[in-house]
$ cat final_14.cif   # mmCIF, C-alpha atoms
data_protein
#
loop_
_atom_site.label_atom_id
_atom_site.label_comp_id
_atom_site.auth_asym_id
_atom_site.auth_seq_id
_atom_site.Cartn_x
_atom_site.Cartn_y
_atom_site.Cartn_z
CA MET A 1 47.24 71.26 105.80
CA ARG A 2 46.77 74.07 103.26
CA SER A 3 48.63 76.52 105.50
CA LEU A 4 51.48 74.00 105.88
CA LEU A 5 51.67 73.73 102.08
CA ALA A 6 51.60 77.53 101.73
CA LEU A 7 54.32 77.87 104.35
CA SER A 8 56.46 75.24 102.59
CA LEU A 9 56.05 77.00 99.24
CA PHE A 10 56.89 80.33 100.89
CA PHE A 11 60.19 79.01 102.25
CA ALA A 12 61.06 77.17 99.07
CA ALA A 13 60.67 80.45 97.16
CA ALA A 14 62.65 82.37 99.79
CA ALA A 15 65.46 79.82 99.62
CA CYS A 16 65.88 80.64 95.93
CA GLY A 17 66.76 84.29 96.69
CA ALA A 18 70.10 85.66 95.63
CA PRO A 19 72.89 85.29 98.17
CA ALA A 20 73.73 88.39 100.14
CA SER A 21 76.79 90.26 99.00
CA PRO A 22 79.04 91.89 101.56
CA SER A 23 78.00 95.33 102.71
CA SER A 24 80.75 97.90 102.67
CA ALA A 25 79.31 99.74 105.66
CA HIS A 26 78.06 98.46 108.97
CA GLU A 27 78.03 99.70 112.51
CA VAL A 28 79.70 97.94 115.40
CA HIS A 29 78.16 97.60 118.84
CA ALA A 30 81.17 99.09 120.61
CA ALA A 31 80.95 97.35 123.99
CA ALA A 32 80.50 93.90 122.52
CA GLN A 33 82.37 94.21 119.21
CA LEU A 34 79.44 92.59 117.43
CA SER A 35 78.25 93.93 114.10
CA VAL A 36 75.15 93.07 112.12
CA HIS A 37 75.00 93.64 108.38
CA ASP A 38 73.28 92.44 105.18
CA ALA A 39 69.98 92.35 107.08
CA TRP A 40 66.63 91.94 105.33
CA ALA A 41 63.19 90.38 105.72
CA THR A 42 60.84 88.87 103.16
CA PRO A 43 57.44 90.36 102.31
CA THR A 44 54.50 88.54 103.86
CA PRO A 45 52.37 86.75 101.24
CA ALA A 46 48.61 87.34 101.36
CA GLY A 47 46.90 85.17 103.97
CA VAL A 48 50.16 84.12 105.66
CA ASP A 49 51.12 85.42 109.12
CA VAL A 50 54.78 84.34 109.02
CA SER A 51 57.89 85.81 107.45
CA ALA A 52 61.62 85.20 107.45
CA GLY A 53 64.58 87.44 108.24
CA TYR A 54 68.22 87.18 107.25
CA LEU A 55 71.43 88.86 108.41
CA THR A 56 75.09 88.32 109.15
CA ILE A 57 76.56 88.69 112.64
CA THR A 58 80.29 89.36 112.94
CA ASN A 59 82.00 88.85 116.29
CA GLY A 60 85.19 90.87 116.68
CA ALA A 61 85.51 89.93 120.35
CA GLY A 62 87.96 87.42 121.76
CA ARG A 63 85.26 85.03 122.98
CA THR A 64 82.29 83.22 121.51
CA ASP A 65 78.93 84.86 122.10
CA HIS A 66 75.49 83.28 121.69
CA LEU A 67 72.33 84.71 120.17
CA LEU A 68 69.74 83.77 122.79
CA SER A 69 66.56 85.33 121.44
CA ALA A 70 65.00 87.83 119.08
CA THR A 71 61.87 89.96 119.39
CA SER A 72 59.98 92.40 117.21
CA PRO A 73 56.94 94.58 117.86
CA ARG A 74 55.72 93.41 114.43
CA ALA A 75 55.38 89.71 115.38
CA ALA A 76 53.98 87.71 118.28
CA ASN A 77 57.10 85.55 118.34
CA VAL A 78 60.53 85.52 116.65
CA GLU A 79 62.69 82.39 116.63
CA VAL A 80 66.04 81.40 115.16
CA HIS A 81 65.53 78.43 112.84
CA GLU A 82 67.76 76.08 110.92
CA MET A 83 66.74 74.49 107.62
CA SER A 84 68.36 71.32 106.35
CA MET A 85 67.67 68.65 103.77
CA ASP A 86 66.81 65.16 105.00
CA GLY A 87 66.90 63.19 101.77
CA ALA A 88 64.35 64.93 99.56
CA VAL A 89 62.56 66.58 102.49
CA MET A 90 63.42 70.06 103.77
CA ARG A 91 63.25 70.21 107.56
CA MET A 92 63.12 73.28 109.78
CA ARG A 93 63.80 73.36 113.51
CA ALA A 94 64.07 76.07 116.15
CA LEU A 95 67.44 76.61 117.82
CA GLY A 96 67.71 77.53 121.48
CA ARG A 97 71.10 79.27 121.20
CA LEU A 98 73.08 80.26 118.15
CA PRO A 99 76.86 80.42 118.71
CA VAL A 100 78.74 83.33 117.12
CA PRO A 101 82.42 82.29 117.22
CA ALA A 102 85.13 84.65 118.45
CA GLY A 103 86.63 86.44 115.47
CA GLY A 104 84.06 84.87 113.13
CA ASP A 105 80.70 85.35 111.46
CA VAL A 106 77.36 83.62 111.36
CA SER A 107 75.18 84.14 108.31
CA LEU A 108 71.43 83.75 108.47
CA ALA A 109 70.58 83.25 104.80
CA PRO A 110 67.89 81.64 102.62
CA GLY A 111 68.04 77.86 102.75
CA GLY A 112 69.85 77.71 106.11
CA LEU A 113 69.78 79.61 109.39
CA HIS A 114 67.15 82.37 109.53
CA LEU A 115 64.84 84.34 111.79
CA MET A 116 61.20 83.20 111.72
CA PHE A 117 58.53 85.79 112.48
CA PHE A 118 55.31 84.15 113.74
CA GLY A 119 52.00 85.92 114.31
CA VAL A 120 52.76 88.86 112.03
CA GLN A 121 49.96 91.30 112.86
CA GLN A 122 50.27 93.47 109.74
CA PRO A 123 51.86 92.13 106.55
CA PHE A 124 55.50 92.99 105.94
CA SER A 125 55.41 95.14 102.80
CA GLU A 126 58.30 95.67 100.43
CA GLY A 127 60.11 98.94 101.21
CA GLU A 128 59.31 99.13 104.92
CA ASP A 129 61.71 98.47 107.82
CA ILE A 130 61.12 95.85 110.53
CA PRO A 131 62.65 96.59 113.96
CA VAL A 132 64.21 93.58 115.68
CA ARG A 133 65.97 93.24 119.02
CA LEU A 134 68.65 90.54 119.16
CA VAL A 135 69.67 89.39 122.66
CA PHE A 136 73.14 87.92 123.11
CA GLU A 137 74.61 86.10 126.09
CA HIS A 138 77.54 88.51 126.53
CA ALA A 139 76.74 91.55 124.37
CA GLY A 140 73.19 91.95 125.65
CA ALA A 141 70.48 93.50 123.48
CA ILE A 142 71.27 94.94 120.05
CA ASP A 143 68.55 96.65 118.00
CA VAL A 144 68.64 96.16 114.24
CA THR A 145 66.43 97.11 111.31
CA LEU A 146 65.52 94.66 108.57
CA PRO A 147 64.36 96.28 105.32
CA VAL A 148 61.64 94.27 103.60
CA GLN A 149 62.61 93.21 100.10
CA ARG A 150 62.12 90.25 97.76
CA THR A 151 65.82 89.43 97.32
CA ALA A 152 69.01 89.74 99.32
CA PRO A 153 70.52 93.22 99.69
CA THR A 154 73.32 94.32 97.44
CA GLU A 155 74.33 97.52 99.22
CA HIS A 156 74.27 99.11 102.68
CA SER A 157 71.33 97.84 104.71
CA GLY A 158 70.21 96.47 108.03
CA HIS A 159 72.65 98.29 110.27
CA THR A 160 72.60 98.12 114.04
CA ASN A 161 71.04 101.12 115.72
#

$ encode --input "final_14.cif" --output "structure tokens"
Amino acid sequence: MRSLLALSLFFAAAACGAPASPSSAHEVHAAAQLSVHDAWATPTPAGVDVSAGYLTITNGAGRTDHLLSATSPRAANVEVHEMSMDGAVMRMRALGRLPVPAGGDVSLAPGGLHLMFFGVQQPFSEGEDIPVRLVFEHAGAIDVTLPVQRTAPTEHSGHTN
């Protein structure tokens, strides 16, 4: 129960982070025309083995793609989650597939869609980079880096590799 309370407080605090501003530089995965920008992860609080990650995916292709999974060597499991309010209660649920519309974007941001890192073996510390592999239905695997910081990025960060 205490860990559930700590986890709830962690996400409530993360949801209060500043919204990400557009990055003026990002790299495009040439074959798939997908780009990932404004990526970041939250520091892991003491005694908690979960963290959250945020980013924006832009699909320049002519067809919808789907984010199928995410992995990181820094966590036992990474899932795409959606947060929503149900009355006065914040609910979080895992998504199986996340559509990225043709010619559109999907933002994973505090208070909404996000990556959940479970079983974090070593705490995420501010200033370090977390490697993540995103696997898409059509584009395949794309490796990204999420810098660990307390608030959303304001300049160039989290580019695809």

$ residues_around --input "final_14.cif" --residues "Leu113 of chain A" --least-positions-apart "3" --cutoff "12 Å" --atoms "only C-alpha atoms" --output "JSON list (two decimals) with C-alpha atoms, in the coordinates of the input"
[["chain", "number", "residue", "atom", "x", "y", "z"],
["A", 11, "PHE", "CA", 60.19, 79.01, 102.25],
["A", 15, "ALA", "CA", 65.46, 79.82, 99.62],
["A", 52, "ALA", "CA", 61.62, 85.20, 107.45],
["A", 53, "GLY", "CA", 64.58, 87.44, 108.24],
["A", 54, "TYR", "CA", 68.22, 87.18, 107.25],
["A", 55, "LEU", "CA", 71.43, 88.86, 108.41],
["A", 56, "THR", "CA", 75.09, 88.32, 109.15],
["A", 57, "ILE", "CA", 76.56, 88.69, 112.64],
["A", 79, "GLU", "CA", 62.69, 82.39, 116.63],
["A", 80, "VAL", "CA", 66.04, 81.40, 115.16],
["A", 81, "HIS", "CA", 65.53, 78.43, 112.84],
["A", 82, "GLU", "CA", 67.76, 76.08, 110.92],
["A", 83, "MET", "CA", 66.74, 74.49, 107.62],
["A", 84, "SER", "CA", 68.36, 71.32, 106.35],
["A", 91, "ARG", "CA", 63.25, 70.21, 107.56],
["A", 92, "MET", "CA", 63.12, 73.28, 109.78],
["A", 93, "ARG", "CA", 63.80, 73.36, 113.51],
["A", 94, "ALA", "CA", 64.07, 76.07, 116.15],
["A", 95, "LEU", "CA", 67.44, 76.61, 117.82],
["A", 97, "ARG", "CA", 71.10, 79.27, 121.20],
["A", 98, "LEU", "CA", 73.08, 80.26, 118.15],
["A", 99, "PRO", "CA", 76.86, 80.42, 118.71],
["A", 106, "VAL", "CA", 77.36, 83.62, 111.36],
["A", 107, "SER", "CA", 75.18, 84.14, 108.31],
["A", 108, "LEU", "CA", 71.43, 83.75, 108.47],
["A", 109, "ALA", "CA", 70.58, 83.25, 104.80],
["A", 110, "PRO", "CA", 67.89, 81.64, 102.62],
["A", 116, "MET", "CA", 61.20, 83.20, 111.72]]

$ residues_near_point --input "final_14.cif" --point "(84.7, 93.1, 118.1)" --cutoff "6 Å" --atoms "only C-alpha atoms" --output "ChimeraX atom specification"
/A:33-34,59-61

$ resolve_selection --input "final_14.cif" --expression "the PyMOL selection byres ((chain A and resi 145-147) around 6)" --output "ChimeraX atom specification"
/A:39-41,128-131,144,148,158

$ closest_residue --input "final_14.cif" --among "A:Asp143, A:Asp49, A:Asp65, A:Glu126" --to "Gly104 of chain A" --atoms "only C-alpha atoms"
A:Asp65

$ resolve_selection --input "final_14.cif" --expression "the PyMOL selection byres ((chain A and resi 135) around 6)" --output "number ranges by chain"
A: 67-69, 134, 136, 140-141

$ write_last_selection --input "final_14.cif" --atoms "C-alpha atoms" --output "PDB file, keeping the file's coordinate frame"
ATOM      1  CA  LEU A  67      72.330  84.710 120.170  1.00  0.00           C
ATOM      2  CA  LEU A  68      69.740  83.770 122.790  1.00  0.00           C
ATOM      3  CA  SER A  69      66.560  85.330 121.440  1.00  0.00           C
ATOM      4  CA  LEU A 134      68.650  90.540 119.160  1.00  0.00           C
ATOM      5  CA  PHE A 136      73.140  87.920 123.110  1.00  0.00           C
ATOM      6  CA  GLY A 140      73.190  91.950 125.650  1.00  0.00           C
ATOM      7  CA  ALA A 141      70.480  93.500 123.480  1.00  0.00           C
TER       8      ALA A 141
END

$ closest_residue --input "final_14.cif" --among "A:Thr44, A:Thr71, A:Ser51, A:Asn77" --to "Ser125 of chain A" --atoms "only C-alpha atoms"
A:Thr44

$ atom_distance --input "final_14.cif" --atom1 "atom CA of Ala75 of chain A" --atom2 "atom CA of Ser35 of chain A"
23.3 Å

$ closest_residue --input "final_14.cif" --among "A:Met85, A:Val36, A:Ala70, A:Val48" --to "Val132 of chain A" --atoms "only C-alpha atoms"
A:Ala70

$ atom_distance --input "final_14.cif" --atom1 "atom CA of Ala76 of chain A" --atom2 "atom CA of Phe118 of chain A"
5.9 Å

$ closest_residue --input "final_14.cif" --among "A:Arg150, A:His37, A:His138, A:His114" --to "His66 of chain A" --atoms "all atoms listed in the file"
A:His138

$ closest_residue --input "final_14.cif" --among "A:Arg133, A:Gly62, A:Gln122, A:Ser72" --to "Pro101 of chain A" --atoms "only C-alpha atoms"
A:Gly62

$ atom_distance --input "final_14.cif" --atom1 "atom CA of Ala139 of chain A" --atom2 "atom CA of Gly112 of chain A"
23.9 Å

$ closest_residue --input "final_14.cif" --among "A:Pro73, A:Asp105, A:Thr58, A:Gly127" --to "Pro153 of chain A" --atoms "all atoms listed in the file"
A:Gly127
